[in-house]
Each structure stands twice: as C-alpha cells, then as structure tokens.
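Colleague: This is the content of start_14.cif (mmCIF, C-alpha atoms and all ligand atoms):
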data_input
loop_
_atom_site.group_PDB
_atom_site.id
_atom_site.type_symbol
_atom_site.label_atom_id
_atom_site.label_comp_id
_atom_site.auth_asym_id
_atom_site.auth_seq_id
_atom_site.Cartn_x
_atom_site.Cartn_y
_atom_site.Cartn_z
ATOM 1 C CA MET A 591 46.059 -4.773 -12.495
ATOM 2 C CA ALA A 592 43.636 -6.376 -14.949
ATOM 3 C CA VAL A 593 42.061 -8.357 -12.101
ATOM 4 C CA GLN A 594 41.730 -5.189 -10.063
ATOM 5 C CA GLY A 595 40.128 -3.401 -13.030
ATOM 6 C CA GLY A 596 37.663 -6.278 -13.428
ATOM 7 C CA ALA A 597 36.808 -6.168 -9.754
ATOM 8 C CA VAL A 598 36.164 -2.432 -9.983
ATOM 9 C CA ALA A 599 33.900 -2.970 -13.029
ATOM 10 C CA VAL A 600 31.938 -5.738 -11.245
ATOM 11 C CA GLY A 601 31.670 -3.534 -8.130
ATOM 12 C CA ALA A 602 30.387 -0.620 -10.182
ATOM 13 C CA ARG A 603 27.806 -2.805 -11.971
ATOM 14 C CA HIS A 604 26.652 -4.150 -8.599
ATOM 15 C CA LEU A 605 26.322 -0.595 -7.281
ATOM 16 C CA ILE A 606 24.307 0.516 -10.329
ATOM 17 C CA ARG A 607 21.980 -2.511 -9.944
ATOM 18 C CA LEU A 608 21.471 -1.707 -6.240
ATOM 19 C CA ARG A 609 20.786 1.959 -7.023
ATOM 20 C CA THR A 610 18.251 0.968 -9.722
ATOM 21 C CA MET A 611 16.470 -1.284 -7.231
ATOM 22 C CA ASP A 612 16.416 1.518 -4.643
ATOM 23 C CA VAL A 613 14.865 3.917 -7.157
ATOM 24 C CA LEU A 614 12.297 1.256 -8.187
ATOM 25 C CA ILE A 615 11.376 0.547 -4.547
ATOM 26 C CA HIS A 616 10.982 4.262 -3.799
ATOM 27 C CA LEU A 617 8.897 4.685 -6.947
ATOM 28 C CA PHE A 618 6.500 1.957 -5.821
ATOM 29 C CA VAL A 619 6.371 3.326 -2.248
ATOM 30 C CA GLY A 620 5.299 6.602 -3.930
ATOM 31 C CA LEU A 621 2.559 4.799 -5.901
ATOM 32 C CA HIS A 622 1.562 2.953 -2.704
ATOM 33 C CA ILE A 623 1.043 6.371 -1.087
ATOM 34 C CA VAL A 624 -0.997 7.567 -4.098
ATOM 35 C CA GLY A 625 -3.226 4.532 -3.364
ATOM 36 C CA ILE A 626 -3.608 5.545 0.308
ATOM 37 C CA GLY A 627 -4.475 9.066 -0.882
ATOM 38 C CA ALA A 628 -7.279 7.786 -3.127
ATOM 39 C CA LEU A 629 -8.684 5.344 -0.544
ATOM 40 C CA LEU A 630 -8.550 7.675 2.463
ATOM 41 C CA GLY A 631 -9.348 10.797 0.393
ATOM 42 C CA GLY A 632 -12.429 9.121 -1.080
ATOM 43 C CA PHE A 633 -13.544 8.202 2.427
ATOM 44 C CA LEU A 634 -13.005 11.752 3.729
ATOM 45 C CA THR A 635 -15.152 13.286 0.952
ATOM 46 C CA GLN A 636 -18.070 11.187 2.246
ATOM 47 C CA MET A 637 -17.722 11.974 5.960
ATOM 48 C CA LYS A 638 -20.553 14.548 6.016
ATOM 49 C CA ALA A 639 -22.841 12.226 4.055
ATOM 50 C CA MET A 640 -21.856 9.380 6.384
ATOM 51 C CA GLY A 641 -23.338 11.303 9.306
ATOM 52 C CA LYS A 642 -26.649 11.488 7.402
ATOM 53 C CA GLY A 643 -26.464 7.832 6.332
ATOM 54 C CA THR A 644 -26.177 8.762 2.637
ATOM 55 C CA ALA A 645 -22.484 8.011 2.066
ATOM 56 C CA ARG A 646 -21.391 5.773 -0.793
ATOM 57 C CA PHE A 647 -18.156 4.041 -1.747
ATOM 58 C CA VAL A 648 -16.838 6.385 -4.439
ATOM 59 C CA PRO A 649 -14.749 4.899 -7.305
ATOM 60 C CA ALA A 650 -11.570 6.487 -5.877
ATOM 61 C CA MET A 651 -11.880 4.193 -2.851
ATOM 62 C CA LEU A 652 -12.072 1.037 -4.962
ATOM 63 C CA HIS A 653 -9.234 2.153 -7.233
ATOM 64 C CA GLY A 654 -7.161 3.233 -4.212
ATOM 65 C CA ALA A 655 -7.638 -0.136 -2.491
ATOM 66 C CA LEU A 656 -6.684 -1.983 -5.701
ATOM 67 C CA THR A 657 -3.615 0.239 -6.095
ATOM 68 C CA MET A 658 -2.590 -0.609 -2.517
ATOM 69 C CA LEU A 659 -2.853 -4.322 -3.253
ATOM 70 C CA VAL A 660 -0.927 -4.264 -6.538
ATOM 71 C CA THR A 661 1.836 -1.887 -5.359
ATOM 72 C CA GLY A 662 2.082 -3.710 -1.994
ATOM 73 C CA VAL A 663 2.650 -7.087 -3.662
ATOM 74 C CA ILE A 664 5.208 -5.537 -6.046
ATOM 75 C CA LEU A 665 6.981 -3.916 -3.068
ATOM 76 C CA VAL A 666 7.266 -7.274 -1.313
ATOM 77 C CA GLY A 667 8.802 -8.789 -4.464
ATOM 78 C CA LEU A 668 11.232 -5.901 -5.027
ATOM 79 C CA ASN A 669 12.365 -5.888 -1.389
ATOM 80 C CA GLN A 670 12.941 -9.646 -1.424
ATOM 81 C CA ALA A 671 14.787 -9.485 -4.747
ATOM 82 C CA ASP A 672 17.018 -6.805 -3.214
ATOM 83 C CA ASP A 673 17.686 -8.921 -0.079
ATOM 84 C CA HIS A 674 15.875 -6.423 2.194
ATOM 85 C CA HIS A 675 14.223 -7.902 5.257
ATOM 86 C CA VAL A 676 10.421 -8.015 4.852
ATOM 87 C CA ASN A 677 8.344 -8.341 8.035
ATOM 88 C CA ASN A 678 6.001 -11.120 6.900
ATOM 89 C CA ILE A 679 3.684 -10.865 9.922
ATOM 90 C CA LYS A 680 3.216 -7.112 9.469
ATOM 91 C CA ILE A 681 2.618 -7.534 5.718
ATOM 92 C CA GLY A 682 0.223 -10.432 6.394
ATOM 93 C CA VAL A 683 -1.819 -8.299 8.810
ATOM 94 C CA LYS A 684 -1.871 -5.370 6.340
ATOM 95 C CA LEU A 685 -2.906 -7.718 3.543
ATOM 96 C CA ALA A 686 -5.710 -9.273 5.627
ATOM 97 C CA VAL A 687 -7.062 -5.842 6.614
ATOM 98 C CA LEU A 688 -6.875 -4.627 3.012
ATOM 99 C CA ILE A 689 -8.728 -7.708 1.742
ATOM 100 C CA VAL A 690 -11.612 -6.908 4.124
ATOM 101 C CA ILE A 691 -11.614 -3.266 2.895
ATOM 102 C CA LEU A 692 -11.464 -4.326 -0.760
ATOM 103 C CA GLY A 693 -14.206 -6.935 -0.321
ATOM 104 C CA LEU A 694 -16.594 -4.459 1.325
ATOM 105 C CA VAL A 695 -15.915 -1.654 -1.155
ATOM 106 C CA TYR A 696 -16.190 -4.009 -4.153
ATOM 107 C CA VAL A 697 -19.438 -5.679 -3.078
ATOM 108 C CA LYS A 698 -21.115 -2.380 -2.163
ATOM 109 C CA ARG A 699 -19.617 -0.282 -4.992
ATOM 110 C CA ASP A 700 -22.984 0.266 -6.738
ATOM 111 C CA ASP A 701 -25.059 0.906 -3.610
ATOM 112 C CA GLU A 702 -26.451 4.463 -3.547
ATOM 113 C CA HIS A 703 -26.254 4.575 0.245
ATOM 114 C CA VAL A 704 -24.082 2.519 2.559
ATOM 115 C CA ASP A 705 -24.917 1.989 6.231
ATOM 116 C CA LYS A 706 -22.925 4.473 8.304
ATOM 117 C CA ARG A 707 -21.431 1.770 10.557
ATOM 118 C CA LEU A 708 -20.170 -0.218 7.584
ATOM 119 C CA PHE A 709 -18.849 2.932 5.925
ATOM 120 C CA GLY A 710 -17.149 4.021 9.143
ATOM 121 C CA LEU A 711 -15.590 0.578 9.505
ATOM 122 C CA VAL A 712 -13.833 0.947 6.144
ATOM 123 C CA GLY A 713 -12.394 4.321 7.221
ATOM 124 C CA LEU A 714 -11.288 2.853 10.524
ATOM 125 C CA LEU A 715 -9.607 -0.151 8.872
ATOM 126 C CA THR A 716 -7.828 2.165 6.428
ATOM 127 C CA LEU A 717 -6.496 4.274 9.318
ATOM 128 C CA ALA A 718 -5.542 1.096 11.190
ATOM 129 C CA ASN A 719 -3.461 -0.053 8.193
ATOM 130 C CA ILE A 720 -1.728 3.331 7.951
ATOM 131 C CA PHE A 721 -0.717 3.158 11.627
ATOM 132 C CA ILE A 722 0.295 -0.510 11.366
ATOM 133 C CA ALA A 723 2.545 0.515 8.445
ATOM 134 C CA VAL A 724 4.244 3.381 10.257
ATOM 135 C CA LEU A 725 4.296 2.211 13.917
ATOM 136 C CA TRP A 726 5.124 -1.503 13.508
ATOM 137 C CA THR A 727 8.864 -1.386 12.947
HETATM 138 C C1 LIG A 801 -4.825 0.010 3.216
HETATM 139 C C2 LIG A 801 -3.766 -0.750 3.085
HETATM 140 C C3 LIG A 801 -2.328 -0.308 3.249
HETATM 141 C C4 LIG A 801 -1.822 0.847 3.789
HETATM 142 C C5 LIG A 801 -2.583 2.035 4.397
HETATM 143 C C6 LIG A 801 -0.369 0.773 3.667
HETATM 144 C C7 LIG A 801 0.510 1.766 4.080
HETATM 145 C C8 LIG A 801 1.853 1.781 3.839
HETATM 146 C C9 LIG A 801 2.753 2.878 4.163
HETATM 147 C C10 LIG A 801 2.346 4.193 4.839
HETATM 148 C C11 LIG A 801 3.991 2.507 3.782
HETATM 149 C C12 LIG A 801 5.285 3.329 3.890
HETATM 150 C C13 LIG A 801 5.868 3.168 5.260
HETATM 151 C C14 LIG A 801 6.632 1.875 5.424
HETATM 152 O O1 LIG A 801 7.644 1.703 4.734
HETATM 153 O O2 LIG A 801 6.226 1.047 6.252
HETATM 154 C C15 LIG A 801 3.903 1.169 3.227
HETATM 155 C C16 LIG A 801 4.972 0.446 2.755
HETATM 156 C C17 LIG A 801 4.880 -0.858 2.314
HETATM 157 N N1 LIG A 801 3.738 -1.623 2.165
HETATM 158 FE FE1 LIG A 801 1.866 -1.016 2.584
HETATM 159 N N2 LIG A 801 -0.024 -0.418 3.056
HETATM 160 C C18 LIG A 801 -1.187 -1.114 2.788
HETATM 161 C C19 LIG A 801 -1.283 -2.351 2.180
HETATM 162 C C20 LIG A 801 -0.215 -3.133 1.836
HETATM 163 C C21 LIG A 801 -0.306 -4.479 1.318
HETATM 164 C C22 LIG A 801 -1.614 -5.218 1.057
HETATM 165 C C23 LIG A 801 0.967 -4.926 1.141
HETATM 166 C C24 LIG A 801 1.477 -6.253 0.613
HETATM 167 C C25 LIG A 801 0.775 -7.220 0.136
HETATM 168 C C26 LIG A 801 1.862 -3.858 1.520
HETATM 169 C C27 LIG A 801 3.241 -3.922 1.470
HETATM 170 C C28 LIG A 801 4.093 -2.884 1.742
HETATM 171 C C29 LIG A 801 5.543 -2.939 1.596
HETATM 172 C C30 LIG A 801 6.351 -4.158 1.150
HETATM 173 C C31 LIG A 801 6.034 -1.672 1.936
HETATM 174 C C32 LIG A 801 7.498 -1.200 1.873
HETATM 175 C C33 LIG A 801 8.213 -1.405 3.150
HETATM 176 C C34 LIG A 801 9.651 -0.974 3.009
HETATM 177 O O3 LIG A 801 10.117 -0.685 1.877
HETATM 178 O O4 LIG A 801 10.308 -0.942 4.043
HETATM 179 N N3 LIG A 801 1.104 -2.787 1.938
HETATM 180 N N4 LIG A 801 2.588 0.751 3.274
#
Can the structure in the file be given as structure tokens, please?

Modeller:
Amino acid sequence: MAVQGGAVAVGARHLIRLRTMDVLIHLFVGLHIVGIGALLGGFLTQMKAMGKGTARFVPAMLHGALTMLVTGVILVGLNQADDHHVNNIKIGVKLAVLIVILGLVYVKRDDEHVDKRLFGLVGLLTLANIFIAVLWT
C-alpha cells in the first residue's frame, strides 16, 4: 500500500512538472507571436511609404526581430527539456532567415529612408518565416 501511495505521489509530481512545462511552452509561443506582431506590424505601417521609397525600419521591427530570436531559442530549450521532438532543419532555416532580417534591420535602423527593394525583402522574409513555421510540419 505504501509503495502504491509513493508511486501515486511520484506520478502526480511528474504530471505537475509536465503541466508546468506545457504552460511555460505555451507562454513563450505567445511571446513569440507578440514578436511576429511587432515585426510584421511595423513592416505593414510602412507599406505606403515603401511605395514612395521613404519607408524606414521602425523600432518595433528591430524589437520584434529580437523578441523572435530570444523566445525562439528559449522555445527550443524548453521543448528539448520536455522531450518534445524539435525539427532541427526547420528551426535552422527559420534561424538563418531571421538572422538576415535582424542584420538588415539593425544595420539600417537609423537610416531615414530605406531602399524599397531592401525594405520589401525584409517583409518577404518575415512572411516566408511565418509560412515555414506553419506549413513545415
Ligand atoms: C521571423 C522569424 C520567425 C517567425 C515568423 C516564427 C514563427 C513561428 C510561429 C508562427 C510559431 C507557432 C507555430 C509552430 O508551432 O510552428 C513558431 C513556433 C516556434 N518557433 Fe518560431 N518563428 C521565427 C523564428 C524562430 C527562431 C529564430 C527560432 C529558434 C531559434 C524559432 C523557434 C520556434 C520554436 C521552437 C517554436 C515552437 C514549436 C513547437 O512548440 O512545436 N522560431 N514560430
């Protein structure tokens, strides 16, 4: 009976730990999506200006891209710690695309006007990463 009680207690602790990890992972997926919102939202506010060649990388885009990086790395760690399968190739591609986005936005962050092709490229790469995330299963 005592052994059974112990087993139940261990099982319950294991369940609570798993649930905590699930909540943590979902919390960081939420923050990851806040990052997408800032990066893509910042881009969308500049679409009209982009047509005129007067668009600039607004701070929300830089902060959004940084948020994506930090929350993405944390998500990889949490998923691995929780024994969830992480698709390393998919994550590697997303990371590489994000590094290009981050590099461009960081280097050009103080430029008053960014060339429309370069600006458009950042929007395109952001969209590409969103579709890689949701379509590559
Ligand atoms: C602009 C860049 C990025 C975009 C638009 C993006 C988009 C997304 C989206 C929409 C999700 C939720 C859907 C899903 O679970 O697949 C997600 C989840 C995730 N992302 Fe990203 N991501 C980006 C960058 C990154 C980076 C750089 C990393 C890692 C270094 C990363 C790691 C992850 C992980 C581990 C998950 C959770 C997958 C899961 O729990 O099944 N992401 N991302």

Colleague: Which chains and residue numbers are within 6 Å of ligand LIG 801 (chain A), counting only C-alpha atoms and all ligand atoms, if I want them as an MDAnalysis selection string?

Modeller: chainID A and resid 619 626 658:659 662:663 665:666 681 684:685 688 716 719:720 723:724

Colleague: Using C-alpha atoms, can you export the residues from the last selection as a PDB file, keeping the file's coordinate frame?

Modeller:
ATOM      1  CA  VAL A 619       6.371   3.326  -2.248  1.00  0.00           C
ATOM      2  CA  ILE A 626      -3.608   5.545   0.308  1.00  0.00           C
ATOM      3  CA  MET A 658      -2.590  -0.609  -2.517  1.00  0.00           C
ATOM      4  CA  LEU A 659      -2.853  -4.322  -3.253  1.00  0.00           C
ATOM      5  CA  GLY A 662       2.082  -3.710  -1.994  1.00  0.00           C
ATOM      6  CA  VAL A 663       2.650  -7.087  -3.662  1.00  0.00           C
ATOM      7  CA  LEU A 665       6.981  -3.916  -3.068  1.00  0.00           C
ATOM      8  CA  VAL A 666       7.266  -7.274  -1.313  1.00  0.00           C
ATOM      9  CA  ILE A 681       2.618  -7.534   5.718  1.00  0.00           C
ATOM     10  CA  LYS A 684      -1.871  -5.370   6.340  1.00  0.00           C
ATOM     11  CA  LEU A 685      -2.906  -7.718   3.543  1.00  0.00           C
ATOM     12  CA  LEU A 688      -6.875  -4.627   3.012  1.00  0.00           C
ATOM     13  CA  THR A 716      -7.828   2.165   6.428  1.00  0.00           C
ATOM     14  CA  ASN A 719      -3.461  -0.053   8.193  1.00  0.00           C
ATOM     15  CA  ILE A 720      -1.728   3.331   7.951  1.00  0.00           C
ATOM     16  CA  ALA A 723       2.545   0.515   8.445  1.00  0.00           C
ATOM     17  CA  VAL A 724       4.244   3.381  10.257  1.00  0.00           C
TER      18      VAL A 724
END

Colleague: What is the distance, in Å and to one decimal place, between atom CA of Val683 of chain A and atom CA of Leu715 of chain A?

Modeller: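 Interatomic distance, atom CA of Val683 of chain A to atom CA of Leu715 of chain A: 11.3 Å.
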
Colleague: What's the separation between atom CA of Leu656 of chain A and atom CA of His703 of chain A, in Å to one decimal place?

Modeller: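 Atom-to-atom, atom CA of Leu656 of chain A and atom CA of His703 of chain A are spaced 21.5 Å apart.
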
Colleague: Figure out the distance between atom CA of Ile615 of chain A and atom CA of Val690 of chain A, please, to one decimal in Å.

Modeller: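 Separation of atom CA of Val690 of chain A and atom CA of Ile615 of chain A: 25.7 Å.
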
Colleague: Give me, as a list in words, all polymer residues having an atom no more than 9 Å from Lys706 of chain A, counting all atoms listed in the file and skipping those fewer than 2 positions away in the same chain.

Modeller: Ala639, Met640, Gly641, Lys642, Gly643, Thr644, Ala645, His703, Val704, Leu708, Phe709, Gly710 and Leu711 of chain A

Colleague: Can you list, as a ChimeraX atom specification, the residues that the PyMOL selection byres (((chain A and resi 654) around 9) and not hetatm) selects here?

Modeller: /A:622,624-630,632,649-653,655-659

Colleague: Centre and edge lengths, as JSON, for the axis-aligned box enclosing every listed atom of segment 622-632 of chain A with 4 Å of padding on each of the six sides, in Å to one decimal?

Modeller:
{"center_x": -5.4, "center_y": 6.9, "center_z": -0.8, "size_x": 22.0, "size_y": 15.8, "size_z": 14.6}

Colleague: Starting from the shown file, work through the PyMOL selection byres (((chain A and resi 671) around 12) and not hetatm) and note down what comes out as an MDAnalysis selection string.

Modeller: chainID A and resid 607:608 611:612 614:615 664:670 672:676

Colleague: With distances taken over only C-alpha atoms, which residue among A:Thr610, A:Asn677, A:Gly631, A:Ala686 lies nearest Gly713 of chain A?

Modeller: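 Using only C-alpha atoms, the shortest distance to Gly713 of chain A belongs to A:Gly631.
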
Colleague: Would you please work out which residue, of A:Ile722, A:Gly682, A:Leu617, A:Val712, is nearest to Gln636 of chain A when using all atoms listed in the file?

Modeller: A:Val712

Colleague: Under the rule that all atoms listed in the file are counted, which of A:Arg646, A:Ile623, A:Phe618, A:Thr661 is the nearest residue to Leu694 of chain A?

Modeller: A:Arg646
